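Step one of this worksheet: look at the structure below.
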Amino acid sequence: MNKKKQTLIITFMFIAVLILVAMNSTIFSARLDITETKVYTIQESSKKIMRRLPDQLTITYFLAEKLKTSNVIFRQIEDILKEYAASSEGKVKLTVLDPGSSAEIENQARSNGIYIWDAGEKSGKDSAYVFLAASGLLIEYQDKKIPIARIQSIETLEYNLTAFILSIIENKKKTVGYIINKPNWNNSTFQSVLQSEFEPAITAEMFNPGESIPDSIDALFIVGTPDFTESELFEIDQYIMRGGKAFFSIDSVFIMQQQGQAIPHMDSNLVTMLEQYGAKIPPALVMEGDDAFAPIHDGRQSYVYNYFFRTFAEYASKENPITANFAPVVFEWASPIELVPPVGVKAEPLTSSSAASVRVQDQLDINPQNSANLYQTLSPSAASQPLVVALSGSFPSFFQGRELPESKKDSGVNAVYNSIPSRIIVVGSSNFIDPATIDLMGLQGSNYYWSNFSYFKTCIEWLTNSEDLIAIKTRASRDSSLSKIQKPEEAEAAAGFATYFNLIIIPLLVVLFGIIKYMLRKKAKNE
């Protein structure tokens, strides 16, 4: 080999080494994501928020190495975290530690609130297959340390992590206001729940109907009957027109439990206002099929009451972070919601009933003894019904083209008739977060109410988040496991088919392939 060729080869090798070093560095970093749903790529909104970090943020991922070989999810979580570090222009530093590799790392994880558990299988006295498992984050910024004890999915990982980074940047405590317009509401219990679940990240402030809602309130939620005067509605409407976010948990019918009847709230101006915003709540109720019931206890037995039911992930939005990590929630005497968005408003169903549900609107009989027969009568018209919807955009004022309330005419108030971009969530049931729900359903000690409240809390967090964070869509884990099948009988049938296919069909196909290949070779040899 002559000297010229030798020089060229050395030069090319040197350039190749430089390229590899640059590709492996934090400053010059590139990752190619060829997955269909961009599982490993964080979105531009996250990158934009990270670039606003004034100081470096450190993420320590405590991950048992053996977990990565048992479930692809943990590798995906690690890859997403690596994407944060690679895309942050050096502002996010990632370290991955295995608590099972040393006692020092295990103690570090435990002392910082990371959940560690025993994984694997024991066989008699043999514990060789048992290992310390962990998948949790420790986030450090300046003098703050925030642990996320356990992470087992990727659907909302980016949303939650970016939300945390944004909260560091803003360093602002959120305040929500609430108006309760419901008889027999246990406000002391509700306030204690708010305090235990919202503090310290969110504070809650109670308002009476008709009080002015200041712009300092990050979100407002209204629970109860739609019986508001126009003067009281004006304050809510104008808060939304000024860009305020709102959550409505409203009844369109009046439940008379003792009489076994439900009566529509006639000529409700709040229902009309919500329809103008894009969510129409008809004077009707939803009955669910037997496959999605919540058990009712009367002290002697459990039975199915079609007006009380839980919902499935199959009928929840897959893109909105509110319902991405879906846990079933319970509805009692819930009304369906029709989407009628005006120009400039986007309407999205968040949670719906199953395809086996029916709408009851002409005969509002809620007697438990009659519900099963009534459901059977209406079952031919069964269809999924939206129960929780999200609206976003510029809303038209309820008072557009109408006279102002008498109390506002001479007050010097300048009404706003088109909102700046805002967000609203509507639920067709006031029982959704009513503390009396536990007693009503006879579910003392159950987690149904807390599942509902967790859903509600997620809604409030979504409403109060910035536009950059709202722009982040949840990612699909592309989990093809049988756990995604909700109904037990369908899951059992699918599991049986998978077992049969793997144990019988695949080996037979392999044997058949071998026989065919042998015969073809034998034929070729004879020829």
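By order of appearance in the structure tokens: chains A, B, ..., then residues from 1 within every chain, and ligands from 1 in the order shown.
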Item to check | All strand (DSSP E) residues (DSSP, backbone) inside stretch 217-440 of chain A, as a PyMOL selection string | outcome: chain A and resi 219-224+245-250+253-256+261-264+279-280+285-287+293-297+302-310+330-332+338-339+345-352+358-360+386-393+422-427
Next on the checklist: Can you pull out the residues contacting A:Pro214? Cut-off 10 Å, using only C-alpha atoms, and skip same-chain residues under 2 positions away; I want them as a PyMOL selection string.
Outcome noted: chain A and resi 177+211-212+216-218+235+239+242+244
Considering only alpha helix (DSSP H) as DSSP defines it on the backbone, what residues of stretch 190-296 of chain A qualify? List them as a CSV table (one decimal) with C-alpha atoms, in the first residue's frame.
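That gives us selection_16.csv:
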```csv
chain,number,residue,atom,x,y,z
A,190,PHE,CA,-65.7,18.1,50.3
A,191,GLN,CA,-63.4,20.8,51.6
A,192,SER,CA,-61.3,18.2,53.6
A,193,VAL,CA,-61.0,16.1,50.4
A,194,LEU,CA,-59.9,19.2,48.4
A,195,GLN,CA,-57.4,20.0,51.0
A,196,SER,CA,-55.9,16.5,51.2
A,197,GLU,CA,-55.8,16.0,47.4
A,198,PHE,CA,-55.1,19.4,46.1
A,230,GLU,CA,-79.1,35.5,34.8
A,231,SER,CA,-77.2,37.8,37.1
A,232,GLU,CA,-75.4,34.8,38.6
A,233,LEU,CA,-74.7,33.3,35.2
A,234,PHE,CA,-73.3,36.6,34.0
A,235,GLU,CA,-70.4,36.4,36.4
A,236,ILE,CA,-69.5,32.8,35.2
A,237,ASP,CA,-69.9,33.8,31.6
A,238,GLN,CA,-67.7,36.8,31.8
A,239,TYR,CA,-65.0,34.9,33.7
A,240,ILE,CA,-64.9,32.5,30.7
A,241,MET,CA,-65.0,35.4,28.2
A,269,ASN,CA,-80.5,29.1,31.3
A,270,LEU,CA,-77.3,27.3,32.4
A,271,VAL,CA,-78.1,24.3,30.1
A,272,THR,CA,-78.8,26.8,27.3
A,273,MET,CA,-75.5,28.6,28.0
A,274,LEU,CA,-73.5,25.3,27.9
A,275,GLU,CA,-75.2,24.5,24.6
A,276,GLN,CA,-74.1,27.9,23.2
A,277,TYR,CA,-70.5,27.0,24.2
```
Checklist entry - So which one's closest to A:Ala86, A:Lys47, A:Lys173, A:Arg110, A:Lys522? Using only C-alpha atoms, please. => result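 Comparing A:Lys47, A:Lys173, A:Arg110, A:Lys522 against A:Ala86, the winner is A:Lys47.
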Item to check | Counting only C-alpha atoms, the option among A:Asn414, A:Ser394, A:Asn107, A:Thr377 closest to A:Val345 | outcome: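 Closest residue, counting only C-alpha atoms: A:Ser394.
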Checklist entry - Can you list, as a PyMOL selection string, every protein, DNA or RNA residue that comes within 12 Å of A:Trp117 when you count only C-alpha atoms, leaving out same-chain residues fewer than 3 positions away? => result chain A and resi 63-64+67+99-100+106+109-110+114+120+130-136+149-150
Item to check | Who sits within 10 Å of A:Ser249, only C-alpha atoms, same chain under 6 positions skipped, as a PyMOL selection string | outcome: chain A and resi 180+221-226+388+425-434+456
Proximity of stretch 373-474 of chain A to stretch 349-355 of chain A: per-residue shortest pair, 6 Å limit, only C-alpha atoms, as CSV:
```
residue,atom,partner,partner_atom,distance
A:Ala383,CA,A:Ala355,CA,4.4
A:Ser384,CA,A:Ala355,CA,4.2
A:Gln385,CA,A:Ser353,CA,5.2
A:Pro386,CA,A:Ser352,CA,4.1
A:Leu387,CA,A:Ser352,CA,5.0
A:Val388,CA,A:Thr351,CA,5.1
A:Val389,CA,A:Pro349,CA,4.3
```
Item to check | Within 12 Å of A:Ile472 using only C-alpha atoms, minus same-chain residues under 2 positions, as number ranges by chain | outcome: A: 41-49, 155-163, 319-322, 462, 465-470, 474-475
Next on the checklist: Considering only C-alpha atoms, can you say which of A:Ser70, A:Ser111, A:Thr58, A:Asn181 comes closest to A:Tyr141?
Outcome noted: A:Thr58
Checklist entry - Which residues come within 10 Å of A:Leu81, counting only C-alpha atoms, excluding same-chain residues fewer than 4 positions away, as a list in words? => result Tyr40, Thr41, Ile42, Ile59, Thr60, Tyr61, Arg75, Gln76, Ile77, Ala85, Ala86, Ser87, Val92, Lys93, Leu94, Thr95, Val96, Leu157, Glu158 and Leu161 of chain A
Checklist entry - What does the distance between atom CA of A:Asn306 and atom CA of A:Met287 come to in Å, to one decimal place? => result 5.0 Å
Next on the checklist: Just the number, please: distance in Å from atom CA of A:Arg402 to atom CA of A:Pro342, one decimal.
Outcome noted: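 Taking atom CA of A:Arg402 and atom CA of A:Pro342, their separation equals 17.5 Å.
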